[in-house]
Amino acid sequence: MGLSDGDIMRYEEWNKISRIASRKSLWMLHFCTGCGAVELPPVMTSRYDMERFGMGPMATPRQADVLLITGYLTVKTLKRVVNVYEQMQSPKYVISFGSCPINGGMYWDSYNTVKRLDRYLPVDVYVGGCMPRPEGVMNAFLELMKLIDEGKARGWEKYQKYYEQYKRNQKMAFGFERGKNEGD
Amino acid sequence: MKAIEIIGKGEEMHGRAYIPSGREEAGTIIKKLKENGFAHFVMLSCVDWIDKNEFELVYHMWSYEHKEHAMISVRLPRDNPSMFSMHELFPQIETYEREIHEMYGIDFEGNSRLTPFLLEGWHDTPPMRKDFDSKKFAEDVFDSIPEIKEEEDEGI
Amino acid sequence: MVDFLIKIAVIALYTTIAMLVGILFMGIGRKIVARVHNRVGPPVYQGFIDIAKLLTKKTNISHGWIYDLALLFSLTGIILTILFLPIGGVKLLGTEGDAFLVLYLLAIPALGFALGAGASGNPNAAIGVMRALVMMLSYELPFVITMIALMIYYDTSSIAQIVELQRARWAIMIPPFMLAAAVADMALQGMLMEAPFDIPTAPHEIASGPMAEFGGKHLGSLMLYKAGTIVAYTTLFVDLFLGGGVVMHDGSILSYIVNFAVWFLLILLIFTLSLLINASFPRFRIEQAFKFYWKYEALLAFISLIWVYLMVIS
């Protein structure tokens, strides 16, 4: 592309500023269709006070930086989660909260729970447990801050790069490639 | 039990009135109970008795006057099960019927809203039937989805 | 020519300072609300971090050119309003009759905001805009009546002159204007969209209303606009009732600095008062807010107007 070394350096500097700013101001969209929504009020209010670190809940995906997915995801909600994720502005991060988005959890043999979230969306930080406590949420955010600082939270770049693979997996889960409901 | 007195048949089961009913007479029984104090329709549930090759629909009703829980049980054959819709008696039954239609594949004559409800794009056996192998389905569908193959490079 | 350039430089400096103060106030505001909630709260410079983050976002969705330009429209409107208001007794663009001009200018940013939100096409935004405009209509009536009372008392329609005439005694120390200041403070609550009048941007009910579709750089400029409104509205209040923060009149360098510091403290005081009300009240529904402003506030404003009129003619 004909970038000189100076350009690349400036670009790196710019990225660094961007990273420092986004690390200290993580706005969260919580997608709580499963369980676990009740763990968030203590995190937001005076007990754990997430606003200390500049984090805060946001009302719409356009404004948010972090998508916090709590609890199990069914095929139906996965469609909505993908929709929400694609509405968010990069750089964006995903935190999966609870056992179910990791491997299905207690719904491992359910007919309707998509078991592993990382096959459909790039997940930056996992919080294990059923349910994890509010400390888990705080810890996940601090971990995410560390990853952003080191430039390792690159889920959104991964999603852009392997978009076709992610789309293929999503379509398989939605049943397009099972060949049973074309045109859905 | 009051419900058994009203209908004239049935037995007491765990403190509740259990009234077995045929497919055709269930409507008249529910109507009669509704007129005699059982004003609250609690829910409609379904049981798959796969050994007897039957579905059991259970209509749960509650009376605030008699403080009594009545269950009207209707047994249907597993092949092409079909029942009359009761949504004229209690409008909320329509939603229960939608769910049972989706989860067990029971047809309700007279219900015009038997469209997909909780599941999306489902074309397999109804999932709550006992002969549906949920574990195998989950393995076939969700475990067959491949992982994202990443290239070995750092310069994303 | 040199004078002209100096004037432009001073205007740029004032705008920058006003914006920086506004952004700082957003952080201070969050800190104060957090302390009321018995939380630690974010650092006071959080507003700068938030805006830096939003402006360095990698992707930005646009919903058409109206959506892009409306933000500039409201940002320009709010900067223009700030320039017409004397800050620390220094008037930049003020002329004869600028009190009326400011009243019109105050509507421009809100309209630009409404235009941008309307262009985003989100139904929640449309509801929020409708509520914001009804709110604007509501708080303007009592506010305009209090401003007319001030204009009658000081017999001028220039804000700079109102500030000048409060040299001996601030307007708020005159009995009818105590009432008027209370009315104007509640109107300020509506202007700043703080509780109990934050229904236009209620996050839980209509997903933050007009802001629903804003993200990235657009939301960043919206926050700059918000920072500007904080400074503009609190400065307007301070200019009208608290003598614009002018305590030294000799025109030396020191007096500029002292006046600036007093202005800063006074708008901080007004903003803190507004935040304490914000942190302790739930929100009104839009028709309740309308009723509050047009029934009780307008009545009180009208009483103060008649009182002032009787004082002037006697």
# chains A, B, ... in the order shown; residues from 1 in each chain; ligands from 1

call {"tool": "interface_residues", "arguments": {"of": "chain A", "to": "chain B", "cutoff": "12 Å", "atoms": "only C-alpha atoms", "output": "PyMOL selection string"}}
result
chain A and resi 74-79+103-104+107-123+151-184

call {"tool": "select_by_dssp", "arguments": {"residues": "range 9-42 of chain A", "states": "helix (DSSP H, G or I)", "output": "PyMOL selection string"}}
result
chain A and resi 9-23+37-42

call {"tool": "interface_residues", "arguments": {"of": "chain A", "to": "chain C", "cutoff": "10 Å", "atoms": "only C-alpha atoms", "output": "ChimeraX atom specification"}}
result
/A:14-15,17-27,44-65,87-92

call {"tool": "write_last_selection", "arguments": {"atoms": "N, CA and C atoms", "output": "short mmCIF file (atom, residue, chain, number, x, y, z; two decimals), in the first residue's frame"}}
result
data_model
loop_
_atom_site.label_atom_id
_atom_site.label_comp_id
_atom_site.auth_asym_id
_atom_site.auth_seq_id
_atom_site.Cartn_x
_atom_site.Cartn_y
_atom_site.Cartn_z
N TRP A 14 -1.45 5.75 17.03
CA TRP A 14 -2.89 6.02 17.04
C TRP A 14 -3.63 4.85 17.66
N ASN A 15 -3.25 3.63 17.25
CA ASN A 15 -3.87 2.43 17.80
C ASN A 15 -3.67 2.36 19.30
N ILE A 17 -3.29 4.89 21.40
CA ILE A 17 -4.21 5.83 22.05
C ILE A 17 -5.61 5.24 22.09
N SER A 18 -6.01 4.68 20.96
CA SER A 18 -7.33 4.08 20.87
C SER A 18 -7.49 2.97 21.90
N ARG A 19 -6.42 2.17 22.05
CA ARG A 19 -6.50 1.06 23.01
C ARG A 19 -6.59 1.56 24.44
N ILE A 20 -5.78 2.59 24.75
CA ILE A 20 -5.80 3.12 26.12
C ILE A 20 -7.19 3.66 26.43
N ALA A 21 -7.75 4.40 25.44
CA ALA A 21 -9.07 4.99 25.69
C ALA A 21 -10.13 3.91 25.81
N SER A 22 -10.09 2.90 24.93
CA SER A 22 -11.19 1.93 24.98
C SER A 22 -11.03 0.99 26.16
N ARG A 23 -9.82 0.86 26.66
CA ARG A 23 -9.63 0.01 27.84
C ARG A 23 -10.33 0.62 29.06
N LYS A 24 -10.25 1.93 29.17
CA LYS A 24 -10.78 2.58 30.37
C LYS A 24 -12.24 3.00 30.21
N SER A 25 -12.83 2.68 29.10
CA SER A 25 -14.21 3.09 28.90
C SER A 25 -14.95 1.98 28.15
N LEU A 26 -15.17 0.87 28.85
CA LEU A 26 -15.86 -0.26 28.21
C LEU A 26 -17.34 -0.14 28.49
N TRP A 27 -18.09 0.06 27.44
CA TRP A 27 -19.54 0.15 27.61
C TRP A 27 -20.13 -1.19 27.22
N MET A 44 -23.26 -3.52 38.92
CA MET A 44 -23.44 -2.13 38.51
C MET A 44 -23.62 -1.21 39.71
N THR A 45 -24.24 -1.70 40.77
CA THR A 45 -24.61 -0.80 41.86
C THR A 45 -23.51 -0.78 42.93
N SER A 46 -23.84 -0.27 44.10
CA SER A 46 -22.80 0.14 45.04
C SER A 46 -21.97 -1.02 45.59
N ARG A 47 -22.42 -2.26 45.46
CA ARG A 47 -21.63 -3.35 46.03
C ARG A 47 -20.29 -3.50 45.29
N TYR A 48 -20.35 -3.65 43.97
CA TYR A 48 -19.10 -3.85 43.22
C TYR A 48 -18.73 -2.65 42.35
N ASP A 49 -19.74 -1.85 41.96
CA ASP A 49 -19.50 -0.56 41.30
C ASP A 49 -18.57 -0.63 40.10
N MET A 50 -19.08 -1.16 39.01
CA MET A 50 -18.25 -1.29 37.80
C MET A 50 -17.87 0.07 37.21
N GLU A 51 -18.57 1.13 37.58
CA GLU A 51 -18.29 2.43 36.98
C GLU A 51 -16.93 2.97 37.42
N ARG A 52 -16.36 2.42 38.50
CA ARG A 52 -15.01 2.78 38.92
C ARG A 52 -14.02 2.66 37.77
N PHE A 53 -14.22 1.63 36.93
CA PHE A 53 -13.29 1.38 35.83
C PHE A 53 -13.79 1.97 34.52
N GLY A 54 -14.79 2.83 34.63
CA GLY A 54 -15.31 3.45 33.42
C GLY A 54 -16.27 2.57 32.65
N MET A 55 -16.66 1.45 33.24
CA MET A 55 -17.59 0.58 32.54
C MET A 55 -19.01 1.02 32.88
N GLY A 56 -19.91 0.69 32.00
CA GLY A 56 -21.28 1.04 32.28
C GLY A 56 -22.22 0.32 31.35
N PRO A 57 -23.47 0.14 31.76
CA PRO A 57 -24.43 -0.50 30.87
C PRO A 57 -24.90 0.48 29.80
N MET A 58 -25.17 -0.02 28.62
CA MET A 58 -25.64 0.83 27.52
C MET A 58 -26.96 0.28 27.02
N ALA A 59 -27.71 1.15 26.39
CA ALA A 59 -29.07 0.77 26.02
C ALA A 59 -29.14 0.08 24.66
N THR A 60 -28.28 0.46 23.73
CA THR A 60 -28.41 -0.12 22.39
C THR A 60 -27.07 -0.63 21.89
N PRO A 61 -27.09 -1.59 20.96
CA PRO A 61 -25.83 -2.16 20.46
C PRO A 61 -24.94 -1.13 19.77
N ARG A 62 -25.52 -0.12 19.15
CA ARG A 62 -24.71 0.88 18.45
C ARG A 62 -23.75 1.59 19.41
N GLN A 63 -24.19 1.79 20.65
CA GLN A 63 -23.38 2.56 21.58
C GLN A 63 -22.36 1.68 22.30
N ALA A 64 -22.54 0.38 22.26
CA ALA A 64 -21.79 -0.49 23.17
C ALA A 64 -20.48 -0.98 22.56
N ASP A 65 -19.55 -1.37 23.45
CA ASP A 65 -18.28 -1.94 23.02
C ASP A 65 -18.18 -3.42 23.34
N GLN A 87 -24.41 -5.20 14.64
CA GLN A 87 -24.76 -3.78 14.73
C GLN A 87 -23.74 -2.98 15.52
N MET A 88 -22.92 -3.67 16.32
CA MET A 88 -21.98 -2.93 17.16
C MET A 88 -20.84 -2.38 16.33
N GLN A 89 -20.24 -1.30 16.83
CA GLN A 89 -19.15 -0.65 16.10
C GLN A 89 -17.80 -1.19 16.58
N SER A 90 -16.91 -1.47 15.64
CA SER A 90 -15.59 -1.98 16.01
C SER A 90 -14.76 -0.86 16.61
N PRO A 91 -13.81 -1.13 17.50
CA PRO A 91 -13.51 -2.44 18.06
C PRO A 91 -14.56 -2.90 19.07
N LYS A 92 -14.92 -4.15 18.97
CA LYS A 92 -15.96 -4.69 19.85
C LYS A 92 -15.50 -6.01 20.42
#

call {"tool": "residues_around", "arguments": {"residues": "Glu150 in chain A", "least_positions_apart": "5", "cutoff": "10 Å", "atoms": "only C-alpha atoms", "output": "PyMOL selection string"}}
result
chain A and resi 16+19+144-145

call {"tool": "write_last_selection", "arguments": {"atoms": "C-alpha atoms", "output": "compact mmCIF listing (two decimals), in the first residue's frame"}}
result
# COMPACT_ATOMS: atom_id res chain seq x y z
CA LYS A 16 -2.20 2.73 21.15
CA ARG A 19 -6.50 1.06 23.01
CA LEU A 144 -10.43 -7.97 28.96
CA MET A 145 -8.76 -4.67 29.84

call {"tool": "residues_around", "arguments": {"residues": "range 13-26 of chain C", "least_positions_apart": "3", "cutoff": "10 Å", "atoms": "only C-alpha atoms", "output": "PyMOL selection string"}}
result
chain C and resi 7-10+29-32+44-51+79-80+82-83+87+90+92+223-232+235+264+267-268+271-272

call {"tool": "select_by_dssp", "arguments": {"residues": "range 28-143 of chain B", "states": "strand (DSSP E or B)", "output": "VMD selection string"}}
result
chain B and resid 40 to 49 54 to 63 68 to 77 82 to 84 107 to 109

call {"tool": "closest_residue", "arguments": {"among": "B:Ser82, B:Thr95, B:Thr115, B:Ser63", "to": "Gly37 in chain B", "atoms": "only C-alpha atoms"}}
result
B:Ser63

call {"tool": "residues_around", "arguments": {"residues": "Leu71 in chain C", "least_positions_apart": "3", "cutoff": "10 Å", "atoms": "only C-alpha atoms", "output": "number ranges by chain"}}
result
C: 66-68, 74-77, 109, 112-117, 218-219, 221-222, 224-225

call {"tool": "atom_distance", "arguments": {"atom1": "CA of Leu275 in chain C", "atom2": "CA of Gly118 in chain C"}}
result
28.3 Å

call {"tool": "residues_around", "arguments": {"residues": "Tyr256 in chain C", "least_positions_apart": "4", "cutoff": "9 Å", "atoms": "only C-alpha atoms", "output": "count of residues only"}}
result
10

call {"tool": "residues_around", "arguments": {"residues": "Arg98 in chain B", "least_positions_apart": "5", "cutoff": "9 Å", "atoms": "only C-alpha atoms", "output": "ChimeraX atom specification"}}
result
/B:93,103,108,111,113-117

call {"tool": "write_last_selection", "arguments": {"atoms": "C-alpha atoms", "output": "PDB file, in the first residue's frame"}}
result
ATOM      1  CA  ILE B  93     -55.858 -22.106  25.975  1.00  0.00           C
ATOM      2  CA  MET B 103     -43.668 -29.740  21.047  1.00  0.00           C
ATOM      3  CA  PHE B 108     -56.139 -28.968  17.638  1.00  0.00           C
ATOM      4  CA  ASN B 111     -57.357 -23.385  16.513  1.00  0.00           C
ATOM      5  CA  ARG B 113     -52.950 -20.068  15.185  1.00  0.00           C
ATOM      6  CA  LEU B 114     -50.996 -23.315  15.095  1.00  0.00           C
ATOM      7  CA  THR B 115     -47.977 -21.561  13.584  1.00  0.00           C
ATOM      8  CA  PRO B 116     -44.324 -21.973  14.698  1.00  0.00           C
ATOM      9  CA  PHE B 117     -44.110 -20.617  18.225  1.00  0.00           C
TER      10      PHE B 117
END

call {"tool": "atom_distance", "arguments": {"atom1": "CA of Asn36 in chain B", "atom2": "CA of Glu109 in chain B"}}
result
25.9 Å

call {"tool": "atom_distance", "arguments": {"atom1": "CA of Met136 in chain C", "atom2": "CA of Met191 in chain C"}}
result
7.3 Å

call {"tool": "closest_residue", "arguments": {"among": "C:Leu276, C:Leu69, C:Pro210, C:Leu242", "to": "Asn122 in chain C", "atoms": "only C-alpha atoms"}}
result
C:Pro210
